[in-house]
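Since the structure comes first, as structure tokens, the remarks are kept for the end.
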Amino acid sequence: MSIKLGDRSYQERIETGIENDFMRDAVSSAQGRFRNGRITQAAELGDWEDWRQLGSEIRTHTLENLDYYLQQLSEQVAKRGGNVYFASTAEEANAYIEKVITEKNAKKIVKSKSMVTEEIGLNQQLEKMGAEVVESDLGEWILQLDEDPPSHIVTPALHKNKAQIRKTFAEKRGYNGSDSPEELAAFAREQLRKDFLSADVGITGCNFAVAESGAITLVTNEGNARMVTALPDTQITVMGMERIVPTWEDMEVLVSLLTRAAVGQKLTSYVTSYTGARLEGEIDGPEDYHLVIVDNGRSKILGTEFQSALHCIRCAACINVCPVYRHVGGHAYNSIYPGPIGAVLTPLLDGYEDHKELPYASSLCAACTEACPVKIPLHEQLIRHRQIIVEKEKKSPVTEKIMMKGFAQWASTPAAYKLSTKLARTALKPWTKEDTIKNGPGPLKGWTNVRDFPAPAKQSFRAWWKEREKGEINHDHS
Amino acid sequence: MTIHNQDAFLSNVAAHLGRPRRMSGVERPTWSVRPQDRVFAGYSKEELVAILKKQCKAIHTDVVEVSTAQLPKALLQAIERYEGKTIIAAHDERNTTYGLEALYEQLGEKMEVHIWDAQLGEENQQIAERADIGISFSDITLAESATVTLFNHKDNGRSISLLPKSFIAIIPKSTIVPRMTQAAQQLHTSVEKGEVTPSCVSFVSGPSNSADIEMNLIVGVHGPVQATYIVVDD
């Protein structure tokens, strides 16, 4: 996998999402719970706006001095016995990791959840070279067994129900228990424990690297990331180059924002900060440590009006409030980064060509901007994307072009407009029920699949205005 | 150790930022707000213990508060409740200070009690894997999130709080601070003094959990499935 999930069209993806009732219910209930959790925890903490302001200042300063802090980080990691590889592209990152694995003659690799390794398509690369790669986060393991991409950056298997998961475990791992979440999780614990203990190499992502000391912080709940960093003798951290803070103090502020904004927790069960190779006399932790710092298109965002998109701490708060995500689900974005932040970042990282619809997958209601714990102006960046797409790239989505063209022709001819507003009610009658249109035809289908469309009034606005002028106001709203 | 491609990579970053590369002289600005300092500011240790106890309920963790003299008994009770047959504990001078050595010796007669021993190498991990209970002292305790901070080192392996099914943390009351802010400040100060930071700092808040299946909270996934804190009035 790379940043792009597949080749299906935007329309097909959206239809699949909208027709998936389980997914839509799951997403809407998850959104509600995540959103309430964030709001409750923010209120309990108090001064939430000050916290957001502080988070935003730390991210702004760090990104403005990114070269300085990355240099400091790499020197600190090297001082603690680690190797650091700066990778400009996904290919370079994968090639370096492959080299480490070949040199170690490693057969089994155990991973904890990492978006950036999904982005660079690391698993496919490692499997191609014949290594066994095990995803150990419960949600990611389910998806790996089922060969399915993630649909949410915090709960990747949100679109699956427990019956599907039970079936996957049964087919792929001979599970014969019930579909109770506890029993399913206990089975995963037992199965994966063997992998943790026998893996040659552990690979993790990074929530926050601490430049001043070279510590990599992982924010997790299940304990798998601790296993991955404590047990194998070789460990590799893969981090997007912007996932860094100057000091421990700044890390703490961003972790406080992340756990609240992501899952409504004061802290997750585990916040683990590990540094380089294990020290003299230690048994846990790697003897051979590698940090891979990935650009893969990020530097092109620096110095542009989109720089603040790199402030993102991957909490998914924007995803959890987005009304569009609620209806279409994560896969419709066709990117490992879905929702509002995905609609901003994906075209920046992977170009407009394949992702020109994403900035339009938004109602511009600004709920995302309001939810963002580091104050990224997401909806404004979506508007800028649209302007760029229309003005410079001339790539506005076909549906919008046709719609706008049709509307212009239709509205600019008074006679046609008058006639069609008069005829609309009659023409749409077969789909009208109690003054709303359900399962509308043609161009209305896309709309009425997700919500009802009000049926045209019995009297058009123009006709009503005309009568009003004559003093014949019709009060009948039935 | 080796750093690959640093110059080309960072020069490119600087070029996109539209300025020459910054290799020194960058200072963190004074932030316009510091809300983290106001949380539970001026609270007494007793008030912080109350906050910790309340939060323990939210994270499915049992908590008891005892005097130094009562600690061995409280620890024994927790071990019995978890039906421990094999126990692994950190090699910590506080085992002596708090009179736990005698308890471990006595328990050793009827069950396997292993005190982490760096000389034994990987055998420590193997014992931790088959142990029912891991026992560690908290180095800094965060009241707000009911978190024990473990500075892992050669005598206090990461496996102790990770591989066994149950985890018991002993929390000297003097280690309790309002929140993660104070732990981070301590680590930052230590870096500024040029001290070697631990290879792993583990902030642990109760047992492991997941909400990856239909958003149901499952307590106990890869790490311990149950946890007890014993707060000692030191």
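Convention: chains lettered A, B, ... in structure tokens order; per-chain residue numbering from 1; ligands numbered from 1 as shown.
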Among segment 8-197 of chain B, which ones does DSSP assign to strand (DSSP E) (computed from the backbone)? Answer as a PyMOL selection string. chain B and resi 61-67+86-89+112-115+133-137+140-142+147-152+166-172+176-177
Export of prior selection with C-alpha atoms as a tab-separated table (two decimals), in the first residue's frame:
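Writing done, so here's selection.tsv:
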chain	number	residue	atom	x	y	z
B	61	THR	CA	-6.93	-0.11	38.77
B	62	ASP	CA	-7.19	-1.17	42.42
B	63	VAL	CA	-5.57	1.19	44.88
B	64	VAL	CA	-4.78	0.98	48.60
B	65	GLU	CA	-3.02	3.42	50.88
B	66	VAL	CA	-0.85	2.06	53.72
B	67	SER	CA	1.85	3.06	56.17
B	86	THR	CA	5.66	-16.80	39.97
B	87	ILE	CA	6.68	-13.26	40.83
B	88	ILE	CA	9.25	-10.97	39.31
B	89	ALA	CA	10.36	-7.72	40.96
B	112	GLU	CA	9.05	-18.72	42.54
B	113	VAL	CA	10.21	-15.21	43.44
B	114	HIS	CA	12.74	-13.66	41.10
B	115	ILE	CA	14.48	-10.35	41.72
B	133	ILE	CA	2.90	-10.81	38.69
B	134	GLY	CA	5.44	-8.05	38.09
B	135	ILE	CA	6.30	-5.61	40.89
B	136	SER	CA	7.99	-2.19	40.50
B	137	PHE	CA	8.42	1.01	42.48
B	140	ILE	CA	7.48	9.73	39.73
B	141	THR	CA	3.71	9.38	40.17
B	142	LEU	CA	1.29	11.57	38.26
B	147	THR	CA	0.32	7.16	36.20
B	148	VAL	CA	3.42	5.49	37.54
B	149	THR	CA	6.62	6.61	35.85
B	150	LEU	CA	9.27	3.90	35.61
B	151	PHE	CA	12.86	4.79	34.83
B	152	ASN	CA	13.96	1.50	33.30
B	166	SER	CA	-0.77	-8.66	36.66
B	167	PHE	CA	1.17	-5.57	37.63
B	168	ILE	CA	1.65	-4.18	41.13
B	169	ALA	CA	3.18	-0.71	41.52
B	170	ILE	CA	4.43	0.53	44.86
B	171	ILE	CA	4.03	4.28	45.06
B	172	PRO	CA	5.96	6.17	47.74
B	176	ILE	CA	3.41	12.07	43.75
B	177	VAL	CA	3.27	15.23	41.63
Pull the alpha helix (DSSP H) assignments for segment 10-183 of chain B out of DSSP run on the backbone, and list those residues as a PyMOL selection string. chain B and resi 10-16+45-58+71-81+94-97+100-107+123-130+180-183
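In this model, the gap between atom CA of Arg38 of chain A and atom CA of Ala316 of chain A comes to 10.8 Å.
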How close does each residue of chain B get to chain A, giving the shortest atom pair and distance in Å to one decimal for every residue with an atom at most 7 Å away, counting only C-alpha atoms, sorted by chain and residue number, as CSV?
residue,atom,partner,partner_atom,distance
B:Met1,CA,A:Ala78,CA,5.1
B:Thr2,CA,A:Asn83,CA,5.0
B:Ile3,CA,A:Val84,CA,4.6
B:His4,CA,A:Tyr85,CA,4.8
B:Asn5,CA,A:Phe86,CA,5.5
B:Gln6,CA,A:Phe86,CA,6.0
B:Phe9,CA,A:Phe86,CA,6.5
B:Leu10,CA,A:Asp67,CA,5.2
B:Val13,CA,A:Ser299,CA,5.7
B:Ala14,CA,A:Asp67,CA,6.2
B:His16,CA,A:Gly303,CA,5.6
B:Leu17,CA,A:Gly303,CA,4.6
B:Gly18,CA,A:Gly303,CA,6.6
B:Arg21,CA,A:Asp67,CA,6.8
B:Arg22,CA,A:Tyr68,CA,5.4
B:Met23,CA,A:Tyr68,CA,5.4
B:Ser24,CA,A:Tyr68,CA,7.0
B:Trp31,CA,A:Leu54,CA,6.7
B:Val33,CA,A:Leu54,CA,6.1
B:Pro35,CA,A:Asp50,CA,6.2
B:Ala118,CA,A:Gly281,CA,6.1
B:Gly121,CA,A:Ile283,CA,5.9
B:Glu122,CA,A:Ile283,CA,6.2
B:Ser145,CA,A:Lys266,CA,5.5
B:His153,CA,A:Glu282,CA,6.3
B:Lys154,CA,A:Glu282,CA,4.2
B:Gly157,CA,A:Asp284,CA,6.0
B:Arg158,CA,A:Asp284,CA,6.1
B:Ser159,CA,A:Asp284,CA,6.9
B:Met180,CA,A:Glu252,CA,6.5
B:Thr181,CA,A:Glu252,CA,6.3
B:Ala184,CA,A:Glu249,CA,5.1
B:Gln185,CA,A:Glu249,CA,5.8
B:Leu187,CA,A:Trp248,CA,6.6
B:His188,CA,A:Trp248,CA,5.5
B:Val191,CA,A:Ser213,CA,6.7
B:Ser199,CA,A:Thr275,CA,4.8
B:Cys200,CA,A:Tyr274,CA,4.2
B:Val201,CA,A:Ser273,CA,5.1
B:Ser202,CA,A:Thr272,CA,4.7
B:Phe203,CA,A:Val271,CA,5.0
B:Val204,CA,A:Tyr270,CA,4.9
B:Ser205,CA,A:Ser269,CA,4.5
B:Gly206,CA,A:Ser269,CA,6.1
B:Pro207,CA,A:Ser269,CA,6.7
B:Ser208,CA,A:Glu222,CA,4.9
B:Asn209,CA,A:Glu222,CA,5.0
B:Ser210,CA,A:Glu222,CA,5.7
B:Asp212,CA,A:Gly139,CA,5.2
B:Ile213,CA,A:Pro181,CA,6.1
B:Glu214,CA,A:Asn161,CA,6.0
B:Met215,CA,A:Ala30,CA,6.8
B:Ile218,CA,A:Glu182,CA,5.9
B:Val221,CA,A:Glu222,CA,5.4
B:His222,CA,A:Gly223,CA,5.2
B:Gly223,CA,A:Gly223,CA,4.6
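Counting only C-alpha atoms, Gly6 of chain A has the following residues at most 10 Å away, ignoring those fewer than 2 positions along the same chain: Met1, Ser2, Ile3, Lys4, Arg8, Ser9, Arg13, Pro149, His331, Asn334 and Ser335 of chain A.
For the pair atom CA of Glu80 of chain B and atom CA of Lys110 of chain B, the separation is 12.1 Å.
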From the options A:Val238, A:Ile389, A:Leu349, A:Val228, which residue's atoms come nearest to Asn94 of chain A, counting only C-alpha atoms? A:Val238
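Shortest atom-to-atom contact with Gly339 of chain A among A:Ile236, A:Gln31, A:Ala211, A:Glu171: A:Gln31, counting only C-alpha atoms.
Closest approach to Ala41 of chain B from the set B:Pro198, B:Gly220, B:Pro178, B:Gly108 is made by B:Pro178, with distances taken over only C-alpha atoms.
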